[in-house]
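Novice: The file below is model02.txt, compact mmCIF, C-alpha atoms and all ligand atoms:
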# COMPACT_ATOMS: atom_id res chain seq x y z
CA MET A 239 0.00 0.00 0.00
CA GLY A 240 1.40 3.43 -0.94
CA GLN A 241 1.98 6.03 1.74
CA HIS A 242 -1.04 8.07 0.65
CA ASP A 243 -3.52 5.19 0.57
CA MET A 244 -6.08 5.19 3.34
CA VAL A 245 -7.97 2.33 4.90
CA THR A 246 -11.66 3.09 5.29
CA SER A 247 -13.88 1.64 8.02
CA PRO A 248 -14.18 -2.09 7.66
CA VAL A 249 -17.34 -3.29 5.95
CA ASN A 250 -19.03 -6.11 7.85
CA GLY A 251 -19.88 -9.23 5.93
CA PRO A 252 -23.08 -11.19 6.33
CA ALA A 253 -24.06 -12.06 9.91
CA GLY A 254 -21.68 -14.66 11.23
CA GLY A 255 -19.42 -14.32 8.17
CA PRO A 256 -15.92 -12.91 8.15
CA ASP A 257 -15.35 -9.16 8.16
CA ARG A 258 -13.84 -7.87 4.94
CA ALA A 259 -11.66 -4.80 5.13
CA ARG A 260 -12.33 -2.52 2.16
CA ILE A 261 -9.22 -0.73 1.03
CA SER A 262 -9.77 2.60 -0.67
CA THR A 263 -7.27 4.29 -2.91
CA ALA A 264 -8.50 7.74 -1.86
CA LYS A 265 -6.04 10.43 -2.85
CA ARG A 266 -4.34 12.69 -0.39
CA ARG A 267 -6.09 16.09 -0.15
CA LEU A 268 -3.76 19.08 -0.04
CA GLY A 269 -5.03 22.62 0.49
CA VAL A 270 -2.98 25.43 -1.05
CA MET A 271 -3.14 28.88 0.55
CA GLY A 272 -1.34 31.30 -1.77
CA GLY A 273 -0.71 34.87 -0.72
CA THR A 274 1.71 37.74 -0.51
CA PHE A 275 1.49 37.53 3.31
CA ASP A 276 2.92 41.02 3.84
CA PRO A 277 2.28 40.34 6.71
CA ILE A 278 0.39 37.08 7.29
CA HIS A 279 -2.57 37.70 9.63
CA HIS A 280 -5.30 35.78 11.43
CA GLY A 281 -7.72 36.19 8.48
CA HIS A 282 -5.43 33.94 6.41
CA LEU A 283 -4.98 31.40 9.21
CA VAL A 284 -8.66 31.13 10.11
CA ALA A 285 -9.65 30.74 6.43
CA ALA A 286 -7.13 27.91 5.94
CA SER A 287 -8.12 26.16 9.16
CA GLU A 288 -11.84 26.35 8.40
CA VAL A 289 -11.43 25.07 4.83
CA ALA A 290 -9.21 22.23 6.08
CA ALA A 291 -11.98 21.14 8.42
CA GLN A 292 -14.87 21.56 5.98
CA PHE A 293 -13.07 19.82 3.09
CA HIS A 294 -11.35 17.09 5.14
CA LEU A 295 -7.92 18.20 3.93
CA ASP A 296 -4.88 16.26 5.08
CA GLU A 297 -2.68 19.36 5.05
CA VAL A 298 -2.65 23.01 3.98
CA VAL A 299 0.52 24.37 2.43
CA PHE A 300 0.99 28.13 2.58
CA VAL A 301 2.79 29.44 -0.50
CA PRO A 302 4.15 32.99 -0.22
CA THR A 303 4.38 34.67 -3.62
CA GLY A 304 7.73 35.41 -5.19
CA GLN A 305 6.86 38.45 -7.26
CA PRO A 306 3.14 39.25 -7.04
CA TRP A 307 2.90 40.76 -10.54
CA GLN A 308 -0.48 42.41 -9.91
CA LYS A 309 0.85 44.33 -6.88
CA THR A 310 3.30 46.59 -8.69
CA ASP A 311 1.49 49.69 -7.40
CA ARG A 312 2.93 49.20 -3.90
CA ARG A 313 6.12 48.32 -2.08
CA VAL A 314 6.26 44.61 -1.28
CA SER A 315 8.56 43.42 1.54
CA PRO A 316 11.46 41.08 0.69
CA ALA A 317 10.34 37.52 0.00
CA GLU A 318 12.54 36.16 2.81
CA ASP A 319 10.76 38.34 5.39
CA ARG A 320 7.33 37.28 4.11
CA TYR A 321 8.44 33.63 4.06
CA LEU A 322 9.79 33.74 7.63
CA MET A 323 6.67 35.46 8.96
CA THR A 324 4.60 32.69 7.32
CA VAL A 325 6.77 30.00 8.92
CA ILE A 326 6.43 31.65 12.34
CA ALA A 327 2.65 32.02 11.98
CA THR A 328 2.03 28.41 10.97
CA ALA A 329 4.65 26.63 13.09
CA GLU A 330 2.33 25.47 15.85
CA ASN A 331 -0.24 23.80 13.60
CA PRO A 332 0.89 20.31 12.53
CA GLN A 333 -1.58 20.45 9.63
CA PHE A 334 0.07 23.57 8.17
CA SER A 335 3.29 23.78 6.19
CA VAL A 336 5.03 26.44 4.09
CA SER A 337 6.53 26.10 0.63
CA ARG A 338 9.22 28.23 -0.99
CA ILE A 339 8.39 27.10 -4.53
CA ASP A 340 7.07 30.47 -5.74
CA ILE A 341 10.02 32.32 -4.17
CA ASP A 342 12.69 29.94 -5.44
CA ARG A 343 11.28 29.72 -9.00
CA GLY A 344 12.00 33.41 -9.48
CA GLY A 345 10.18 35.75 -11.83
CA PRO A 346 6.53 36.77 -11.60
CA THR A 347 4.33 34.35 -9.66
CA TYR A 348 1.66 32.56 -11.65
CA THR A 349 -0.59 30.10 -9.81
CA THR A 350 -0.55 27.77 -12.82
CA ASP A 351 3.20 27.27 -12.15
CA THR A 352 2.54 26.85 -8.41
CA LEU A 353 -0.02 24.11 -8.94
CA ARG A 354 2.00 22.37 -11.65
CA ASP A 355 5.04 22.24 -9.33
CA LEU A 356 2.94 21.04 -6.38
CA HIS A 357 1.53 18.21 -8.51
CA ALA A 358 5.05 17.18 -9.47
CA LEU A 359 6.13 17.17 -5.81
CA ASN A 360 2.96 15.43 -4.57
CA PRO A 361 1.86 12.55 -6.79
CA ASP A 362 -1.55 11.00 -6.09
CA THR A 363 -2.77 14.20 -4.48
CA ASP A 364 -5.80 16.37 -5.16
CA LEU A 365 -5.14 20.10 -4.78
CA PHE A 366 -7.61 22.60 -3.32
CA PHE A 367 -6.60 26.22 -3.94
CA ILE A 368 -8.02 28.62 -1.32
CA THR A 369 -8.81 32.24 -2.23
CA GLY A 370 -10.59 35.06 -0.47
CA ALA A 371 -13.65 36.60 -2.12
CA ASP A 372 -11.58 39.53 -3.45
CA ALA A 373 -8.93 37.34 -5.07
CA LEU A 374 -11.56 34.98 -6.52
CA GLY A 375 -13.28 37.98 -8.13
CA GLN A 376 -10.04 38.77 -9.99
CA ILE A 377 -9.19 35.23 -11.03
CA LEU A 378 -10.12 35.64 -14.70
CA THR A 379 -7.34 38.29 -14.94
CA TRP A 380 -4.69 35.73 -13.89
CA ARG A 381 -2.26 34.25 -16.43
CA TYR A 382 -2.67 30.86 -18.14
CA THR A 383 -6.23 30.34 -16.93
CA GLU A 384 -6.88 27.77 -19.66
CA GLU A 385 -4.64 25.33 -17.72
CA LEU A 386 -5.18 26.79 -14.22
CA PHE A 387 -8.67 25.48 -13.63
CA SER A 388 -7.77 21.88 -14.49
CA LEU A 389 -5.00 21.75 -11.88
CA ALA A 390 -7.01 22.23 -8.68
CA HIS A 391 -10.43 22.62 -7.21
CA PHE A 392 -10.88 26.28 -6.22
CA ILE A 393 -12.39 27.27 -2.89
CA GLY A 394 -13.59 30.85 -2.50
CA VAL A 395 -14.03 31.98 1.10
CA THR A 396 -16.04 34.83 2.52
CA ARG A 397 -14.18 38.02 3.45
CA PRO A 398 -15.76 41.08 5.10
CA GLY A 399 -16.32 43.88 2.57
CA HIS A 400 -16.27 41.62 -0.49
CA HIS A 401 -19.00 39.73 -2.33
CA LEU A 402 -18.33 36.04 -2.77
CA ILE A 403 -19.47 34.94 -6.20
CA ASP A 404 -18.40 32.37 -8.77
CA PRO A 405 -16.67 34.50 -11.42
CA GLY A 406 -17.54 31.94 -14.10
CA LEU A 407 -15.15 29.05 -13.56
CA PRO A 408 -15.73 25.79 -15.45
CA GLU A 409 -18.65 23.83 -13.99
CA GLY A 410 -17.77 22.18 -10.68
CA GLY A 411 -14.46 24.03 -10.52
CA VAL A 412 -15.23 26.20 -7.52
CA SER A 413 -16.87 25.90 -4.11
CA LEU A 414 -18.01 28.95 -2.15
CA VAL A 415 -17.51 28.61 1.59
CA GLU A 416 -18.39 30.69 4.63
CA VAL A 417 -15.55 31.15 7.13
CA PRO A 418 -15.52 33.14 10.40
CA ALA A 419 -15.49 36.82 9.45
CA LEU A 420 -12.27 38.62 10.38
CA ALA A 421 -12.04 42.15 8.99
CA ILE A 422 -8.25 42.10 8.86
CA SER A 423 -6.06 42.98 5.87
CA SER A 424 -2.31 43.15 5.39
CA THR A 425 -2.77 46.70 4.06
CA ASP A 426 -4.37 47.75 7.34
CA CYS A 427 -1.68 45.96 9.40
CA ARG A 428 1.09 47.78 7.49
CA ALA A 429 -0.69 51.12 7.94
CA ARG A 430 -1.09 50.50 11.66
CA VAL A 431 2.60 49.74 12.13
CA ALA A 432 3.53 52.81 10.08
CA ALA A 433 1.27 54.95 12.30
CA GLY A 434 2.70 53.42 15.50
CA ASP A 435 -0.56 51.58 16.28
CA PRO A 436 -0.55 48.00 17.64
CA VAL A 437 -1.10 44.92 15.52
CA TRP A 438 -1.25 42.57 18.51
CA TYR A 439 -4.02 39.97 17.98
CA LEU A 440 -4.42 40.91 14.32
CA VAL A 441 -1.30 38.88 13.51
CA PRO A 442 0.27 36.05 15.58
CA ASP A 443 2.48 37.20 18.48
CA GLY A 444 5.65 35.91 16.83
CA VAL A 445 4.86 37.94 13.72
CA VAL A 446 4.44 41.11 15.82
CA ARG A 447 7.90 40.49 17.26
CA TYR A 448 9.38 39.77 13.82
CA ILE A 449 7.93 42.99 12.36
CA ASP A 450 9.38 44.89 15.30
CA LYS A 451 12.80 43.28 15.14
CA ARG A 452 13.15 43.76 11.36
CA GLU A 453 11.59 47.25 11.56
CA LEU A 454 9.16 46.39 8.77
CA TYR A 455 6.52 48.88 7.56
CA ARG A 456 7.88 51.82 9.52
CA GLY A 457 7.78 55.05 7.60
CA GLU A 458 5.58 53.64 4.82
N1 LIG B 501 -9.53 38.56 6.33
C1 LIG B 501 -9.54 37.64 5.35
N2 LIG B 501 -10.54 36.73 5.27
C2 LIG B 501 -10.56 35.82 4.28
N3 LIG B 501 -9.62 35.71 3.30
C3 LIG B 501 -8.61 36.57 3.32
C4 LIG B 501 -8.51 37.58 4.35
N4 LIG B 501 -7.39 38.31 4.12
C5 LIG B 501 -6.83 37.81 3.00
N5 LIG B 501 -7.54 36.76 2.52
C6 LIG B 501 -7.22 35.98 1.32
O1 LIG B 501 -5.92 35.41 1.53
C7 LIG B 501 -5.20 35.37 0.29
C8 LIG B 501 -3.86 36.10 0.41
O2 LIG B 501 -4.13 37.44 0.74
P1 LIG B 501 -3.01 38.56 0.83
O3 LIG B 501 -1.74 37.96 1.29
O4 LIG B 501 -2.99 39.36 -0.43
O5 LIG B 501 -3.58 39.43 2.06
P2 LIG B 501 -4.41 40.78 2.03
O6 LIG B 501 -4.83 41.06 3.42
O7 LIG B 501 -5.48 40.72 0.98
O8 LIG B 501 -3.24 41.77 1.57
P3 LIG B 501 -3.27 43.28 1.05
O9 LIG B 501 -4.15 44.08 1.98
O10 LIG B 501 -1.83 43.67 1.12
O11 LIG B 501 -3.81 43.22 -0.36
C9 LIG B 501 -6.12 36.00 -0.77
O12 LIG B 501 -6.82 34.96 -1.41
C10 LIG B 501 -7.07 36.83 0.08
O13 LIG B 501 -8.32 37.01 -0.56
O1 LIG B 502 -1.58 33.38 -11.60
C1 LIG B 502 -1.70 34.62 -11.61
O2 LIG B 502 -1.57 35.30 -12.64
C2 LIG B 502 -2.04 35.32 -10.29
C3 LIG B 502 -2.36 36.66 -10.24
C4 LIG B 502 -2.66 37.26 -9.02
C5 LIG B 502 -2.65 36.49 -7.86
N1 LIG B 502 -2.35 35.17 -7.96
C6 LIG B 502 -2.27 34.35 -6.74
O3 LIG B 502 -3.34 34.61 -5.86
C7 LIG B 502 -2.91 34.41 -4.50
C8 LIG B 502 -3.27 35.67 -3.70
O4 LIG B 502 -2.52 36.72 -4.24
P1 LIG B 502 -2.45 38.15 -3.58
O5 LIG B 502 -1.77 38.97 -4.62
O6 LIG B 502 -3.89 38.55 -3.30
O7 LIG B 502 -1.66 38.01 -2.34
C9 LIG B 502 -1.40 34.15 -4.58
O8 LIG B 502 -1.17 32.77 -4.50
C10 LIG B 502 -1.02 34.68 -5.95
O9 LIG B 502 0.10 34.04 -6.54
C11 LIG B 502 -2.06 34.58 -9.12
Spell out the structure here as structure tokens.
Specialist:
Amino acid sequence: MGQHDMVTSPVNGPAGGPDRARISTAKRRLGVMGGTFDPIHHGHLVAASEVAAQFHLDEVVFVPTGQPWQKTDRRVSPAEDRYLMTVIATAENPQFSVSRIDIDRGGPTYTTDTLRDLHALNPDTDLFFITGADALGQILTWRYTEELFSLAHFIGVTRPGHHLIDPGLPEGGVSLVEVPALAISSTDCRARVAAGDPVWYLVPDGVVRYIDKRELYRGE
């Protein structure tokens, strides 16, 4: 049996007969939480945790963007800072992991590349790409969408201030899911730090300390 195979509950045979264990070849279910994470905040973490529970995911991998090509109108923190904040934020949850694939690939980050690489690294795995309502609304502007939608099932999650609607993905390609509403954004966190306001409890404690130590977002 391969490492990803799972044994389902045994199916009982006829009364008095032998039990027969039914072996399923169910694929591993990997959630993918892509984001710029500048900084990562509790809105991201709650969305990933809730989707993992609702969709019976085995794991959620957080994938910080390398170069978020649609965010050229703003300063984006170095990838290593965003990566380390993501590692700190997810470290205590054994179901969460972080991947450097988008950072190490170099160049602009396209989710089609992300999902292709994750398939190569994780055979026999179904991918579930998690997006907030705002990102889902923009998905038809992403690159290589003709391949994108065949690589994963997309899960759009509610986000305060944004309407959650299917932007017209191929039939069965997207699920819309309600998650606990946290009106937190990275933009607001950066603005608060720049203004000298606290971000305690908006981001994990370790991320507050990292922002402070690295003097991120000051003077922005
Ligand atoms: N509070 C939230 N609730 C649900 N989903 C969220 C929330 N914040 C972000 N997301 C989703 O998480 C993913 C990554 O988001 P991102 O890293 O760009 O954070 P952000 O808060 O939207 O950042 P910024 O304010 O800098 O644009 C996107 O799919 C986004 O829609
Ligand atoms: O593939 C694309 O062209 C594309 C364009 C914009 C955003 N994305 C992905 O969407 C996720 C959220 O991005 P962002 O910019 O809202 O942090 C992240 O994984 C990005 O790589 C992907």
Novice: Kindly provide, as a PDB file with C-alpha atoms, in the frame of the given file, all nucleotide and amino acid residues lying within 8 Å of ligand LIG 502 (chain B), counting only C-alpha atoms and all ligand atoms.
Specialist:
ATOM      1  CA  MET A 271      -3.140  28.880   0.550  1.00  0.00           C
ATOM      2  CA  GLY A 272      -1.340  31.300  -1.770  1.00  0.00           C
ATOM      3  CA  GLY A 273      -0.710  34.870  -0.720  1.00  0.00           C
ATOM      4  CA  THR A 274       1.710  37.740  -0.510  1.00  0.00           C
ATOM      5  CA  PHE A 275       1.490  37.530   3.310  1.00  0.00           C
ATOM      6  CA  VAL A 301       2.790  29.440  -0.500  1.00  0.00           C
ATOM      7  CA  PRO A 302       4.150  32.990  -0.220  1.00  0.00           C
ATOM      8  CA  THR A 303       4.380  34.670  -3.620  1.00  0.00           C
ATOM      9  CA  GLY A 304       7.730  35.410  -5.190  1.00  0.00           C
ATOM     10  CA  PRO A 306       3.140  39.250  -7.040  1.00  0.00           C
ATOM     11  CA  TRP A 307       2.900  40.760 -10.540  1.00  0.00           C
ATOM     12  CA  GLN A 308      -0.480  42.410  -9.910  1.00  0.00           C
ATOM     13  CA  LYS A 309       0.850  44.330  -6.880  1.00  0.00           C
ATOM     14  CA  ASP A 340       7.070  30.470  -5.740  1.00  0.00           C
ATOM     15  CA  THR A 347       4.330  34.350  -9.660  1.00  0.00           C
ATOM     16  CA  TYR A 348       1.660  32.560 -11.650  1.00  0.00           C
ATOM     17  CA  THR A 349      -0.590  30.100  -9.810  1.00  0.00           C
ATOM     18  CA  THR A 350      -0.550  27.770 -12.820  1.00  0.00           C
ATOM     19  CA  ASP A 351       3.200  27.270 -12.150  1.00  0.00           C
ATOM     20  CA  THR A 352       2.540  26.850  -8.410  1.00  0.00           C
ATOM     21  CA  THR A 369      -8.810  32.240  -2.230  1.00  0.00           C
ATOM     22  CA  ASP A 372     -11.580  39.530  -3.450  1.00  0.00           C
ATOM     23  CA  ALA A 373      -8.930  37.340  -5.070  1.00  0.00           C
ATOM     24  CA  GLN A 376     -10.040  38.770  -9.990  1.00  0.00           C
ATOM     25  CA  ILE A 377      -9.190  35.230 -11.030  1.00  0.00           C
ATOM     26  CA  THR A 379      -7.340  38.290 -14.940  1.00  0.00           C
ATOM     27  CA  TRP A 380      -4.690  35.730 -13.890  1.00  0.00           C
ATOM     28  CA  ARG A 381      -2.260  34.250 -16.430  1.00  0.00           C
ATOM     29  CA  TYR A 382      -2.670  30.860 -18.140  1.00  0.00           C
ATOM     30  CA  THR A 383      -6.230  30.340 -16.930  1.00  0.00           C
ATOM     31  CA  LEU A 386      -5.180  26.790 -14.220  1.00  0.00           C
TER      32      LEU A 386
END
Novice: Hey, what's within 8 Å of Phe387 in chain A if we count all atoms listed in the file and toss same-chain stuff fewer than 4 positions away? As a PDB file with C-alpha atoms, in the coordinates of the input, please?
Specialist:
ATOM      1  CA  THR A 383      -6.230  30.340 -16.930  1.00  0.00           C
ATOM      2  CA  HIS A 391     -10.430  22.620  -7.210  1.00  0.00           C
ATOM      3  CA  PHE A 392     -10.880  26.280  -6.220  1.00  0.00           C
ATOM      4  CA  LEU A 407     -15.150  29.050 -13.560  1.00  0.00           C
ATOM      5  CA  PRO A 408     -15.730  25.790 -15.450  1.00  0.00           C
ATOM      6  CA  GLY A 411     -14.460  24.030 -10.520  1.00  0.00           C
TER       7      GLY A 411
END
Novice: For CA of Gly269 in chain A and atom O6 of ligand LIG 501 (chain B), determine how far apart the two atoms are, in Å to one decimal place.
Specialist: 18.7 Å
Novice: Pick from A:Asp276, A:Glu318, A:Asp362, A:Asp404: nearest to Cys427 in chain A, with only C-alpha atoms counted?
Specialist: A:Asp276
Novice: What lies within 8 Å of His280 in chain A using only C-alpha atoms, ignoring chain neighbours under 4 positions off, as a list in words?
Specialist: Val284, Leu420, Ile422, Tyr439, Leu440, Val441 and Pro442 of chain A
Novice: Restricting it to C-alpha atoms, dump the selection as a compact mmCIF listing (two decimals), in the frame of the given file.
Specialist:
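result28.txt written:
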# COMPACT_ATOMS: atom_id res chain seq x y z
CA VAL A 284 -8.66 31.13 10.11
CA LEU A 420 -12.27 38.62 10.38
CA ILE A 422 -8.25 42.10 8.86
CA TYR A 439 -4.02 39.97 17.98
CA LEU A 440 -4.42 40.91 14.32
CA VAL A 441 -1.30 38.88 13.51
CA PRO A 442 0.27 36.05 15.58
Novice: Distance CA of Ile339 in chain A-CA of Asp355 in chain A, one decimal place?
Specialist: 7.6 Å
Novice: Skipping near chain neighbours, those fewer than 2 positions away, what residues fall within 7 Å of range 445-454 of chain A using all atoms listed in the file, listed as a PyMOL selection string?
Specialist: chain A and resi 323+326-327+437-438+441-443+456
Novice: Could you check which of A:Asp296, A:Glu288, A:Asp364, A:Asp435 is closest to ligand LIG 501 (chain B), using all atoms listed in the file?
Specialist: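 Looking at the shortest contact to ligand LIG 501 (chain B), the residue is A:Glu288.
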Novice: Between A:Ile393, A:Ala371, A:Leu268, A:Ala432, which is the closest to ligand LIG 501 (chain B) once you count all atoms listed in the file?
Specialist: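 Checking each of A:Ile393, A:Ala371, A:Leu268, A:Ala432 against ligand LIG 501 (chain B), counting all atoms listed in the file, the winner is A:Ala371.
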Novice: Between CA of Ala317 in chain A and CA of Val298 in chain A, measure the distance and give it in Å to one decimal.
Specialist: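 Here the two named atoms are 19.9 Å from each other.
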Novice: How big is the axis-aligned box, and where does its centre sit, when it encloses all atoms of range 264-283 of chain A listed in the file and has 4 Å added on every side, reported in Å to one decimal as lines of an AutoDock Vina configuration file?
Specialist:
center_x = -2.8
center_y = 24.4
center_z = 4.3
size_x = 19.4
size_y = 41.3
size_z = 22.3
Novice: Let me make sure I understand: among A:Gln292, A:Ser413, A:Ser315, A:Asn331, which one has the smallest atom-to-atom distance to ligand LIG 501 (chain B) if we use all atoms listed in the file?
Specialist: A:Ser315
Novice: A:His357, A:His279, A:Arg313, A:Arg397: which is nearest ligand LIG 501 (chain B), counting all atoms listed in the file?
Specialist: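 Result for the nearest residue to ligand LIG 501 (chain B): A:Arg397.
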Novice: So, with all atoms listed in the file as the atoms that count, which of A:Val336, A:Ile403, A:Ile278, A:Leu353 lies closest to Ala390 in chain A?
Specialist: A:Leu353
Novice: Counting only C-alpha atoms, what is within 12 Å of Pro398 in chain A, bar same-chain residues fewer than 3 positions away, as a list in words?
Specialist: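 Near Pro398 in chain A, the qualifying residues are Gly281, Gly370, Ala371, Asp372, Val395, His401, Leu402, Glu416, Val417, Pro418, Ala419, Leu420, Ala421, Ile422 and Ser423 of chain A.
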